[in-house]
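**Q** Just so it is clear, I am handing over final_30.tsv, which has TSV, C-alpha atoms.
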chain	number	residue	atom	x	y	z
A	1	MET	CA	0.00	0.00	0.00
A	2	LYS	CA	1.63	3.21	-1.21
A	3	GLU	CA	0.33	5.48	1.58
A	4	LEU	CA	1.54	3.08	4.29
A	5	ASP	CA	4.95	2.66	2.64
A	6	GLU	CA	5.44	6.43	2.50
A	7	LEU	CA	4.42	6.87	6.14
A	8	LEU	CA	6.71	4.05	7.29
A	9	LYS	CA	9.64	5.61	5.39
A	10	SER	CA	8.93	9.01	6.96
A	11	GLU	CA	8.61	7.49	10.43
A	12	ARG	CA	12.00	5.73	10.11
A	13	ASP	CA	13.62	9.09	9.46
A	14	ASP	CA	12.25	11.11	12.40
A	15	HIS	CA	10.01	8.87	14.58
A	16	ASN	CA	7.39	11.62	14.50
A	17	PRO	CA	4.49	10.67	16.85
A	18	LEU	CA	1.92	12.24	14.53
A	19	THR	CA	3.18	10.01	11.72
A	20	GLN	CA	2.95	7.03	14.06
A	21	ILE	CA	-0.69	7.93	14.76
A	22	LYS	CA	-1.44	8.14	11.03
A	23	ILE	CA	-0.01	4.64	10.59
A	24	GLY	CA	-2.03	3.38	13.53
A	25	LYS	CA	-5.22	4.87	12.10
A	26	LEU	CA	-4.65	3.02	8.80
A	27	TYR	CA	-4.51	-0.26	10.69
A	28	GLN	CA	-7.44	0.70	12.94
A	29	SER	CA	-9.64	1.48	9.94
A	30	HIS	CA	-8.61	-1.81	8.24
A	31	MET	CA	-7.04	0.07	5.33
A	32	VAL	CA	-4.02	-2.25	5.21
A	33	ASP	CA	-4.39	-5.20	2.83
A	34	GLY	CA	-3.86	-8.73	4.06
A	35	GLU	CA	-4.40	-7.92	7.73
A	36	THR	CA	-6.78	-9.91	9.90
A	37	ASP	CA	-9.03	-8.10	12.34
A	38	GLU	CA	-6.85	-9.17	15.26
A	39	SER	CA	-3.55	-8.18	13.62
A	40	SER	CA	-5.00	-4.83	12.52
A	41	TRP	CA	-5.99	-4.10	16.12
A	42	GLU	CA	-2.60	-5.20	17.47
A	43	ASN	CA	-0.69	-3.12	14.91
A	44	ALA	CA	-2.88	-0.07	15.52
A	45	LEU	CA	-2.33	-0.38	19.27
A	46	ALA	CA	1.42	-0.77	18.80
A	47	TRP	CA	1.75	2.39	16.70
A	48	PHE	CA	-0.55	4.44	18.95
A	49	SER	CA	1.50	3.25	21.94
A	50	LYS	CA	4.71	4.48	20.30
A	51	ALA	CA	3.17	7.95	20.03
A	52	MET	CA	1.91	7.81	23.62
A	53	GLU	CA	5.38	6.85	24.87
A	54	GLN	CA	6.60	10.13	23.42
A	55	ASN	CA	3.94	11.88	25.52
A	56	CYS	CA	1.92	12.80	22.43
A	57	PRO	CA	-1.60	13.86	23.56
A	58	GLU	CA	-3.27	12.18	20.58
A	59	GLY	CA	-1.36	8.98	21.43
A	60	PHE	CA	-3.19	8.72	24.75
A	61	TYR	CA	-6.50	9.33	22.97
A	62	PHE	CA	-6.03	6.63	20.33
A	63	VAL	CA	-4.69	4.02	22.72
A	64	ALA	CA	-7.80	4.65	24.81
A	65	SER	CA	-9.92	4.14	21.68
A	66	CYS	CA	-8.50	0.64	21.30
A	67	TYR	CA	-10.00	-0.34	24.66
A	68	ASP	CA	-13.18	1.73	24.72
A	69	ILE	CA	-16.88	0.85	24.88
A	70	ASP	CA	-17.13	0.16	21.13
A	71	ALA	CA	-14.23	-2.31	21.11
A	72	ASP	CA	-14.74	-6.07	20.79
A	73	GLU	CA	-15.61	-7.67	24.11
A	74	SER	CA	-12.21	-9.37	24.53
A	75	ARG	CA	-10.37	-6.08	23.98
A	76	LYS	CA	-12.34	-3.86	26.33
A	77	ASN	CA	-10.56	-2.33	29.29
A	78	PRO	CA	-12.94	0.22	30.84
A	79	GLU	CA	-10.67	1.58	33.58
A	80	LEU	CA	-7.66	1.98	31.27
A	81	SER	CA	-9.74	3.55	28.52
A	82	PHE	CA	-11.31	6.10	30.88
A	83	SER	CA	-7.93	6.92	32.43
A	84	LEU	CA	-6.24	7.49	29.07
A	85	TYR	CA	-9.11	9.59	27.70
A	86	SER	CA	-8.86	11.73	30.84
A	87	LYS	CA	-5.10	12.15	30.31
A	88	ALA	CA	-5.64	13.09	26.66
A	89	PHE	CA	-8.22	15.68	27.67
A	90	GLU	CA	-5.83	17.16	30.25
A	91	LEU	CA	-3.22	17.44	27.49
A	92	GLY	CA	-5.60	19.37	25.26
A	93	VAL	CA	-7.37	16.79	23.11
A	94	VAL	CA	-10.86	18.33	23.24
A	95	GLN	CA	-12.44	15.39	21.36
A	96	ALA	CA	-11.58	13.25	24.38
A	97	GLY	CA	-14.23	15.18	26.29
A	98	VAL	CA	-16.89	13.48	24.16
A	99	GLU	CA	-15.50	10.04	25.05
A	100	ILE	CA	-15.20	10.89	28.74
A	101	GLY	CA	-18.83	11.96	28.62
A	102	ARG	CA	-19.78	8.64	27.04
A	103	CYS	CA	-17.90	6.82	29.79
A	104	TYR	CA	-19.83	8.70	32.48
A	105	ALA	CA	-23.13	8.19	30.63
A	106	ASN	CA	-22.60	4.42	30.45
A	107	GLY	CA	-20.68	3.87	33.68
A	108	TYR	CA	-17.73	2.63	31.62
A	109	GLY	CA	-14.51	2.64	33.63
A	110	THR	CA	-16.03	5.05	36.12
A	111	GLU	CA	-19.21	5.51	38.15
A	112	LYS	CA	-22.25	6.31	36.02
A	113	ASP	CA	-23.02	10.03	36.27
A	114	GLU	CA	-25.24	11.63	33.61
A	115	LYS	CA	-24.65	15.10	35.03
A	116	LYS	CA	-20.88	14.76	34.54
A	117	ALA	CA	-21.51	13.27	31.09
A	118	LEU	CA	-23.36	16.41	30.04
A	119	GLU	CA	-20.65	18.57	31.62
A	120	TYR	CA	-18.01	17.01	29.34
A	121	TYR	CA	-20.26	17.04	26.27
A	122	LEU	CA	-20.74	20.77	26.82
A	123	LYS	CA	-17.00	21.32	27.18
A	124	ALA	CA	-16.44	19.64	23.82
A	125	ALA	CA	-19.39	21.43	22.23
A	126	GLY	CA	-18.10	24.78	23.49
A	127	ARG	CA	-14.88	24.10	21.60
A	128	GLY	CA	-16.79	23.34	18.39
A	129	ILE	CA	-16.60	19.52	18.33
A	130	PRO	CA	-19.56	18.55	16.06
A	131	SER	CA	-19.90	14.99	17.42
A	132	SER	CA	-20.87	16.48	20.78
A	133	PHE	CA	-23.78	18.59	19.47
A	134	ARG	CA	-26.11	15.60	19.11
A	135	LEU	CA	-25.19	14.30	22.56
A	136	VAL	CA	-25.82	17.68	24.22
A	137	ALA	CA	-29.14	18.00	22.39
A	138	GLU	CA	-30.26	14.53	23.51
A	139	CYS	CA	-29.43	15.34	27.14
A	140	PHE	CA	-31.63	18.45	27.09
A	141	LEU	CA	-34.44	16.79	25.13
A	142	PHE	CA	-34.67	13.67	27.30
A	143	GLY	CA	-33.57	15.18	30.61
A	144	LYS	CA	-30.30	13.27	30.98
A	145	GLY	CA	-28.13	14.90	33.62
A	146	THR	CA	-30.34	17.97	33.63
A	147	GLU	CA	-33.97	19.04	33.54
A	148	ARG	CA	-35.72	18.63	30.21
A	149	ASN	CA	-35.27	21.75	28.12
A	150	PRO	CA	-36.71	21.39	24.60
A	151	LEU	CA	-35.71	24.94	23.67
A	152	GLU	CA	-32.04	24.26	24.48
A	153	ALA	CA	-32.25	20.91	22.68
A	154	LYS	CA	-33.65	22.69	19.63
A	155	LYS	CA	-30.67	25.06	19.60
A	156	TRP	CA	-28.13	22.23	19.48
A	157	TYR	CA	-30.03	20.11	16.97
A	158	GLU	CA	-30.33	23.13	14.66
A	159	LYS	CA	-26.60	23.73	15.00
A	160	LEU	CA	-26.07	20.12	13.91
A	161	VAL	CA	-28.41	20.08	10.89
A	162	LYS	CA	-27.94	23.61	9.55
A	163	HIS	CA	-24.18	23.42	8.99
A	164	ASP	CA	-21.97	21.16	6.92
A	165	TYR	CA	-19.81	18.93	9.12
A	166	SER	CA	-19.16	16.29	6.47
A	167	SER	CA	-15.41	16.89	6.77
A	168	TYR	CA	-15.73	15.57	10.33
A	169	GLY	CA	-17.73	12.57	9.15
A	170	ILE	CA	-20.88	14.01	10.75
A	171	PHE	CA	-24.13	13.90	8.77
A	172	PRO	CA	-27.69	14.68	9.96
A	173	THR	CA	-29.78	11.53	10.40
A	174	GLY	CA	-33.48	10.81	10.29
A	175	ASP	CA	-33.42	10.70	14.10
A	176	ASP	CA	-31.80	14.14	14.26
A	177	TYR	CA	-34.64	15.65	12.22
A	178	LEU	CA	-37.18	13.65	14.24
A	179	PHE	CA	-35.88	14.88	17.59
A	180	LEU	CA	-35.48	18.42	16.30
A	181	GLY	CA	-39.13	18.32	15.24
A	182	ILE	CA	-40.13	17.08	18.69
A	183	ALA	CA	-38.06	19.83	20.33
A	184	CYS	CA	-39.78	22.43	18.12
A	185	LYS	CA	-43.21	21.02	18.96
A	186	LEU	CA	-42.56	20.92	22.71
A	187	SER	CA	-41.14	24.44	22.81
A	188	ALA	CA	-43.55	25.97	20.30
A	189	GLU	CA	-44.93	29.41	21.14
A	190	ASN	CA	-46.68	30.16	17.85
A	191	LYS	CA	-47.95	28.65	14.60
A	192	ALA	CA	-44.59	29.18	12.91
A	193	SER	CA	-42.91	26.88	15.44
A	194	PHE	CA	-45.45	24.13	14.81
A	195	LYS	CA	-44.98	24.55	11.07
A	196	LYS	CA	-41.23	24.18	11.54
A	197	ALA	CA	-41.80	21.00	13.56
A	198	PHE	CA	-43.89	19.59	10.71
A	199	GLU	CA	-41.14	20.43	8.20
A	200	TYR	CA	-38.51	18.61	10.27
A	201	PHE	CA	-40.77	15.58	10.66
A	202	GLN	CA	-41.14	15.56	6.87
A	203	LYS	CA	-37.35	15.56	6.50
A	204	SER	CA	-37.12	12.66	8.93
A	205	ALA	CA	-39.81	10.83	6.97
A	206	ALA	CA	-37.92	11.51	3.72
A	207	GLU	CA	-34.96	9.68	5.28
A	208	GLY	CA	-37.27	6.68	5.74
A	209	ASN	CA	-37.42	7.06	9.53
A	210	PRO	CA	-40.52	5.13	10.76
A	211	ASN	CA	-41.01	7.39	13.78
A	212	GLY	CA	-40.65	10.47	11.59
A	213	ILE	CA	-43.37	9.13	9.27
A	214	ASN	CA	-45.60	8.50	12.29
A	215	GLU	CA	-45.02	12.07	13.53
A	216	VAL	CA	-46.05	13.44	10.13
A	217	GLY	CA	-49.23	11.39	10.52
A	218	GLU	CA	-49.86	12.88	13.97
A	219	CYS	CA	-49.38	16.38	12.54
A	220	TYR	CA	-52.08	15.70	9.95
A	221	PHE	CA	-54.30	14.07	12.59
A	222	TYR	CA	-54.12	16.92	15.10
A	223	GLY	CA	-53.49	19.78	12.65
A	224	ILE	CA	-49.98	20.54	13.95
A	225	GLY	CA	-48.23	22.88	11.52
A	226	VAL	CA	-50.46	21.70	8.70
A	227	LYS	CA	-54.19	21.51	7.90
A	228	GLU	CA	-55.94	18.64	9.67
A	229	ASP	CA	-56.48	15.71	7.31
A	230	ASN	CA	-57.58	12.33	8.69
A	231	ASN	CA	-57.10	10.59	5.35
A	232	LYS	CA	-53.46	11.65	5.09
A	233	ALA	CA	-52.96	10.87	8.77
A	234	PHE	CA	-54.19	7.31	8.23
A	235	GLU	CA	-51.99	6.99	5.14
A	236	MET	CA	-48.88	8.01	7.08
A	237	PHE	CA	-49.73	5.81	10.09
A	238	LYS	CA	-50.13	2.85	7.72
A	239	LYS	CA	-46.82	3.61	6.01
A	240	SER	CA	-45.06	3.88	9.39
A	241	ALA	CA	-46.68	0.70	10.71
A	242	ASP	CA	-45.49	-1.14	7.60
A	243	LYS	CA	-41.99	-0.21	8.77
A	244	ASP	CA	-42.73	-1.78	12.17
A	245	CYS	CA	-43.30	1.38	14.21
A	246	ALA	CA	-45.12	0.35	17.40
A	247	PHE	CA	-46.50	3.86	17.96
A	248	ALA	CA	-47.97	3.91	14.47
A	249	TYR	CA	-49.90	0.70	15.17
A	250	LYS	CA	-51.46	2.38	18.20
A	251	ASN	CA	-52.46	5.37	16.05
A	252	LEU	CA	-53.86	3.06	13.38
A	253	GLY	CA	-55.93	1.43	16.10
A	254	HIS	CA	-57.48	4.79	16.98
A	255	CYS	CA	-58.28	5.41	13.32
A	256	TYR	CA	-60.02	2.05	12.95
A	257	SER	CA	-61.75	2.43	16.31
A	258	LYS	CA	-63.41	5.77	15.47
A	259	GLY	CA	-63.41	5.67	11.66
A	260	PHE	CA	-60.80	8.41	11.18
A	261	GLY	CA	-59.65	8.33	7.55
A	262	VAL	CA	-60.88	4.76	7.17
A	263	LYS	CA	-64.06	2.75	7.71
A	264	GLU	CA	-64.66	1.96	11.37
A	265	ASN	CA	-63.54	-1.57	12.26
A	266	LYS	CA	-63.34	-2.47	15.97
A	267	GLY	CA	-61.71	-5.82	15.21
A	268	LYS	CA	-58.86	-4.21	13.28
A	269	ALA	CA	-58.56	-1.56	15.97
A	270	PHE	CA	-58.03	-4.23	18.62
A	271	SER	CA	-55.49	-6.06	16.42
A	272	CYS	CA	-53.52	-2.85	15.96
A	273	PHE	CA	-53.52	-2.06	19.69
A	274	LYS	CA	-52.38	-5.63	20.43
A	275	LYS	CA	-49.63	-5.43	17.80
A	276	SER	CA	-48.41	-2.13	19.26
A	277	PHE	CA	-48.34	-3.57	22.77
A	278	ASP	CA	-46.60	-6.79	21.67
A	279	MET	CA	-43.93	-4.66	19.98
A	280	GLY	CA	-43.12	-3.03	23.31
A	281	ASN	CA	-45.38	0.02	23.40
A	282	GLU	CA	-46.73	-0.19	26.97
A	283	GLN	CA	-48.99	2.81	26.37
A	284	ALA	CA	-51.20	0.60	24.22
A	285	SER	CA	-52.15	-1.25	27.42
A	286	LEU	CA	-54.82	1.39	28.09
A	287	GLU	CA	-56.45	0.88	24.70
A	288	LEU	CA	-56.36	-2.90	25.11
A	289	ALA	CA	-57.93	-2.57	28.55
A	290	ILE	CA	-60.80	-0.49	27.17
A	291	CYS	CA	-61.36	-3.01	24.37
A	292	TYR	CA	-61.61	-5.88	26.85
A	293	ASN	CA	-63.73	-3.84	29.27
A	294	GLN	CA	-66.21	-2.77	26.61
A	295	GLY	CA	-66.02	-5.87	24.43
A	296	GLU	CA	-64.88	-3.82	21.42
A	297	GLY	CA	-63.20	-5.94	18.75
A	298	VAL	CA	-62.69	-8.74	21.24
A	299	GLU	CA	-64.85	-10.75	23.64
A	300	GLU	CA	-65.48	-8.87	26.89
A	301	ASP	CA	-63.15	-9.99	29.69
A	302	LEU	CA	-63.25	-7.78	32.79
A	303	ASP	CA	-60.37	-9.63	34.51
A	304	ILE	CA	-58.01	-9.08	31.59
A	305	ALA	CA	-59.21	-5.49	31.30
A	306	PHE	CA	-58.43	-4.83	34.95
A	307	ALA	CA	-54.92	-6.29	34.51
A	308	TYR	CA	-54.23	-4.02	31.53
A	309	PHE	CA	-55.64	-0.96	33.34
A	310	SER	CA	-53.24	-1.75	36.20
A	311	ARG	CA	-50.31	-1.80	33.77
A	312	ALA	CA	-51.39	1.49	32.23
A	313	LYS	CA	-51.62	3.03	35.69
A	314	LYS	CA	-47.88	2.45	36.22
A	315	LEU	CA	-47.22	4.71	33.23
A	316	GLY	CA	-49.07	7.55	34.96
A	317	LEU	CA	-51.80	7.71	32.31
A	318	PRO	CA	-54.60	9.77	33.97
A	319	GLU	CA	-57.44	7.97	32.19
A	320	SER	CA	-56.24	4.59	33.49
A	321	TRP	CA	-56.84	5.75	37.07
A	322	TRP	CA	-60.40	6.76	36.16
A	323	TRP	CA	-61.07	3.36	34.60
A	324	LEU	CA	-59.66	1.58	37.65
A	325	GLY	CA	-61.94	3.70	39.83
A	326	LYS	CA	-64.84	2.55	37.69
A	327	CYS	CA	-63.70	-1.07	38.03
A	328	TYR	CA	-63.64	-0.79	41.83
A	329	GLU	CA	-66.97	1.03	41.86
A	330	TYR	CA	-68.74	-1.78	40.00
A	331	GLY	CA	-66.50	-4.72	40.90
A	332	ASP	CA	-65.38	-5.23	37.31
A	333	GLY	CA	-62.44	-7.63	37.39
A	334	CYS	CA	-61.84	-6.94	41.08
A	335	LYS	CA	-63.60	-6.94	44.42
A	336	GLN	CA	-66.01	-4.02	44.72
A	337	ASP	CA	-64.49	-1.32	46.92
A	338	PHE	CA	-66.05	2.17	47.04
A	339	LYS	CA	-63.19	3.68	49.02
A	340	LYS	CA	-60.68	2.50	46.44
A	341	ALA	CA	-62.97	3.75	43.70
A	342	PHE	CA	-63.00	7.23	45.21
A	343	SER	CA	-59.22	7.11	45.74
A	344	TYR	CA	-58.59	6.24	42.08
A	345	TYR	CA	-61.06	8.81	40.80
A	346	LYS	CA	-59.34	11.41	42.97
A	347	LYS	CA	-55.93	10.45	41.55
A	348	SER	CA	-57.22	10.74	37.98
A	349	MET	CA	-58.56	14.20	38.85
A	350	GLU	CA	-55.19	15.23	40.30
A	351	LEU	CA	-53.53	14.09	37.07
A	352	GLY	CA	-55.91	16.28	35.06
A	353	ASP	CA	-58.36	13.76	33.56
A	354	PRO	CA	-61.64	15.65	32.84
A	355	LYS	CA	-63.70	12.57	33.72
A	356	GLY	CA	-61.93	12.37	37.08
A	357	TYR	CA	-63.32	15.72	38.24
A	358	VAL	CA	-66.87	14.66	37.48
A	359	ALA	CA	-66.39	11.27	39.11
A	360	VAL	CA	-65.01	12.85	42.31
A	361	GLY	CA	-67.88	15.33	42.32
A	362	GLU	CA	-70.37	12.48	41.99
A	363	CYS	CA	-68.71	10.60	44.84
A	364	TYR	CA	-69.07	13.58	47.18
A	365	ILE	CA	-72.69	14.11	46.11
A	366	ALA	CA	-73.61	10.44	46.62
A	367	GLY	CA	-71.30	9.75	49.57
A	368	LEU	CA	-69.56	7.06	47.55
A	369	GLY	CA	-66.33	5.96	49.26
A	370	THR	CA	-66.12	9.26	51.10
A	371	LYS	CA	-68.18	11.43	53.45
A	372	LYS	CA	-71.24	12.82	51.69
A	373	ASP	CA	-70.81	16.51	50.87
A	374	PHE	CA	-73.34	17.70	48.30
A	375	SER	CA	-72.03	21.29	48.13
A	376	LYS	CA	-68.42	20.23	47.64
A	377	GLY	CA	-69.27	17.73	44.91
A	378	TRP	CA	-71.54	20.15	43.11
A	379	GLY	CA	-68.92	22.90	43.39
A	380	ILE	CA	-66.21	20.75	41.77
A	381	ILE	CA	-68.38	19.90	38.78
A	382	GLN	CA	-69.74	23.42	38.39
A	383	SER	CA	-66.24	24.91	38.52
A	384	GLN	CA	-65.04	22.46	35.90
A	385	ALA	CA	-67.97	23.25	33.63
A	386	LYS	CA	-67.15	26.96	33.80
A	387	SER	CA	-63.51	26.24	32.90
A	388	GLY	CA	-64.52	24.40	29.72
A	389	ASN	CA	-64.67	20.75	30.82
A	390	GLU	CA	-67.25	19.41	28.33
A	391	ILE	CA	-67.91	16.29	30.38
A	392	ALA	CA	-68.81	18.46	33.36
A	393	GLN	CA	-70.93	20.67	31.12
A	394	ASP	CA	-72.87	17.66	29.83
A	395	TRP	CA	-73.33	16.42	33.39
A	396	LEU	CA	-74.81	19.76	34.43
A	397	VAL	CA	-77.26	19.73	31.52
A	398	GLU	CA	-78.43	16.29	32.61
A	399	ASN	CA	-78.62	17.10	36.32
A	400	TYR	CA	-79.56	20.80	36.43
A	401	ASP	CA	-83.22	21.61	36.98
A	402	GLY	CA	-84.14	25.25	36.42
A	403	ASP	CA	-82.20	27.54	38.69
A	404	ALA	CA	-80.98	24.83	41.08
A	405	PRO	CA	-79.42	21.38	40.95
A	406	ARG	CA	-81.61	18.37	41.49
A	407	LYS	CA	-81.08	17.02	44.99
A	408	GLU	CA	-80.65	13.52	43.60
A	409	PRO	CA	-78.67	13.73	40.33
A	410	LEU	CA	-79.94	11.34	37.68
A	411	ASN	CA	-76.66	9.49	37.24
A	412	CYS	CA	-75.63	9.25	40.90
A	413	VAL	CA	-76.69	6.46	43.22
A	414	GLY	CA	-76.20	6.84	46.96
A	415	LEU	CA	-73.84	4.65	48.95
A	416	ASP	CA	-76.69	3.00	50.88
A	417	GLU	CA	-78.45	2.02	47.65
A	418	ARG	CA	-75.21	0.56	46.20
A	419	GLU	CA	-74.67	-1.61	49.26
A	420	ALA	CA	-78.27	-2.76	49.11
Just give me the structure of the file as structure tokens.
**A**
Amino acid sequence: MKELDELLKSERDDHNPLTQIKIGKLYQSHMVDGETDESSWENALAWFSKAMEQNCPEGFYFVASCYDIDADESRKNPELSFSLYSKAFELGVVQAGVEIGRCYANGYGTEKDEKKALEYYLKAAGRGIPSSFRLVAECFLFGKGTERNPLEAKKWYEKLVKHDYSSYGIFPTGDDYLFLGIACKLSAENKASFKKAFEYFQKSAAEGNPNGINEVGECYFYGIGVKEDNNKAFEMFKKSADKDCAFAYKNLGHCYSKGFGVKENKGKAFSCFKKSFDMGNEQASLELAICYNQGEGVEEDLDIAFAYFSRAKKLGLPESWWWLGKCYEYGDGCKQDFKKAFSYYKKSMELGDPKGYVAVGECYIAGLGTKKDFSKGWGIIQSQAKSGNEIAQDWLVENYDGDAPRKEPLNCVGLDEREA
């Protein structure tokens, strides 16, 4: 190989550590013909070690790379890798800050510490190292080592996708556009921001990213940055599901369940929810629970429904707490327990579920699982109706008689009657 021959000749003349590193990188990248994977690694390590022995900062960095988290299992040496990256960083190799951050993020060669990981990513990013921009953005978007900050994440993702870093081997990916779109959506303050989110989701979709395609579908479904269009939403959900996106299957289920962009089909809706859940999307547990509870698309099974509602509850889904309250109120899949029913309704209310406010109000009015307090229950529902809660508004229409509430609301049964 001509390049290797020239480097070896140059190295024999002056033993320059930077030349030694260039030779090592040829072996490390398997650019030398006739070398096995093992011999390439050994030769790369030998040349990097020569540079390190001359106290070359890059030598420490590249020896560390031979033992780092991406190395083959038999070659890994976490403690040594972390130590050498730290030495390289001390000697001025800013790129080593990215690797130190990765070590802290994964607990590789040091104690896991996401806050320190972000600290080093930011040090590298502050010195213009492109490979750190994505890592910093992810930390702010997902709350790793810091509080979630979509606006800050947006800044770093935009820095990554709006400039050309191809000379560094850095290219925007479908995930980058996806997460940038999510950051724009979460931090949006006006229509322009939502429109920008939609544009980034489209770019992600153009890269063939299944989650990006699903997000485009959600934009059409909810009218985020684009005119609402259920037909296009269904089309995108189907396209994403065909690429095995679990979230898209859940969205397809909603479309089939309510006839959004497609003919209503409860059986297909259930199948989609089940597929989404089986693919690892725990959030689909709520939809499956409702299907089993109501017998929609599947034979009614209150025991299975209760089990799925319990799973959904662990995710903090407000509606799941309301459903569990209903299960305890009527003994659906569990032993009837009015106190537990009230407790679950109250939790759903605290989590912001509109139905939870009405249920708690009804419990106070009827004395269900709690001390009877007509005024308190009525006040909760009336307040919610005034604030725009449509469920509370409908309840008032049904239970309001002239200028005063009926003393026995039509859809509330007293505790004594329930026990009877």
**Q** Atom CA of A:Cys291 to atom CA of A:Gly388: how many Å, to one decimal?
**A**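 Going from atom CA of A:Cys291 over to atom CA of A:Gly388 covers 28.1 Å.
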**Q** Quote the spacing between atom CA of A:Phe234 and atom CA of A:Phe221 in Å to one decimal place.
**A**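 Computing the Euclidean distance for atom CA of A:Phe234 and atom CA of A:Phe221 yields 8.0 Å.
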**Q** Any idea what's packed within 9 Å of stretch 183-187 of chain A, counting only C-alpha atoms, ignoring anything in its chain fewer than 6 positions away? Could you give it as JSON, numbers by chain?
**A** {"A": [141, 149, 150, 151, 152, 153, 154, 157, 193, 194, 195, 196, 197, 198, 200, 224]}
**Q** Could you dump the residues just selected with C-alpha atoms as a JSON list (two decimals), in the coordinates of the input?
**A**
[["chain", "number", "residue", "atom", "x", "y", "z"],
["A", 141, "LEU", "CA", -34.44, 16.79, 25.13],
["A", 149, "ASN", "CA", -35.27, 21.75, 28.12],
["A", 150, "PRO", "CA", -36.71, 21.39, 24.60],
["A", 151, "LEU", "CA", -35.71, 24.94, 23.67],
["A", 152, "GLU", "CA", -32.04, 24.26, 24.48],
["A", 153, "ALA", "CA", -32.25, 20.91, 22.68],
["A", 154, "LYS", "CA", -33.65, 22.69, 19.63],
["A", 157, "TYR", "CA", -30.03, 20.11, 16.97],
["A", 193, "SER", "CA", -42.91, 26.88, 15.44],
["A", 194, "PHE", "CA", -45.45, 24.13, 14.81],
["A", 195, "LYS", "CA", -44.98, 24.55, 11.07],
["A", 196, "LYS", "CA", -41.23, 24.18, 11.54],
["A", 197, "ALA", "CA", -41.80, 21.00, 13.56],
["A", 198, "PHE", "CA", -43.89, 19.59, 10.71],
["A", 200, "TYR", "CA", -38.51, 18.61, 10.27],
["A", 224, "ILE", "CA", -49.98, 20.54, 13.95]]
**Q** Taking into account all atoms listed in the file, which residue in the set A:Gly316, A:Gly145, A:Gly225, A:Gly297 is nearest to A:Ala192?
**A**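 Once distances to A:Ala192 are computed over all atoms listed in the file, the minimum belongs to A:Gly225.
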**Q** Do a neighbour search on A:Leu80 at 8 Å with only C-alpha atoms, toss out local chain neighbours closer than 5 positions, and write the hits as a ChimeraX atom specification.
**A** /A:64,67,109
**Q** Looking at A:Ser131, A:Asn231, A:Ser74, A:Gln336, which one is nearest to A:Glu99, with distances taken over all atoms listed in the file?
**A**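 Closest residue, counting all atoms listed in the file: A:Ser131.
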**Q** In Å, how far is it from atom CA of A:Gly59 to atom CA of A:Gly169?
**A**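 Atom CA of A:Gly59 sits 20.8 Å away from atom CA of A:Gly169.
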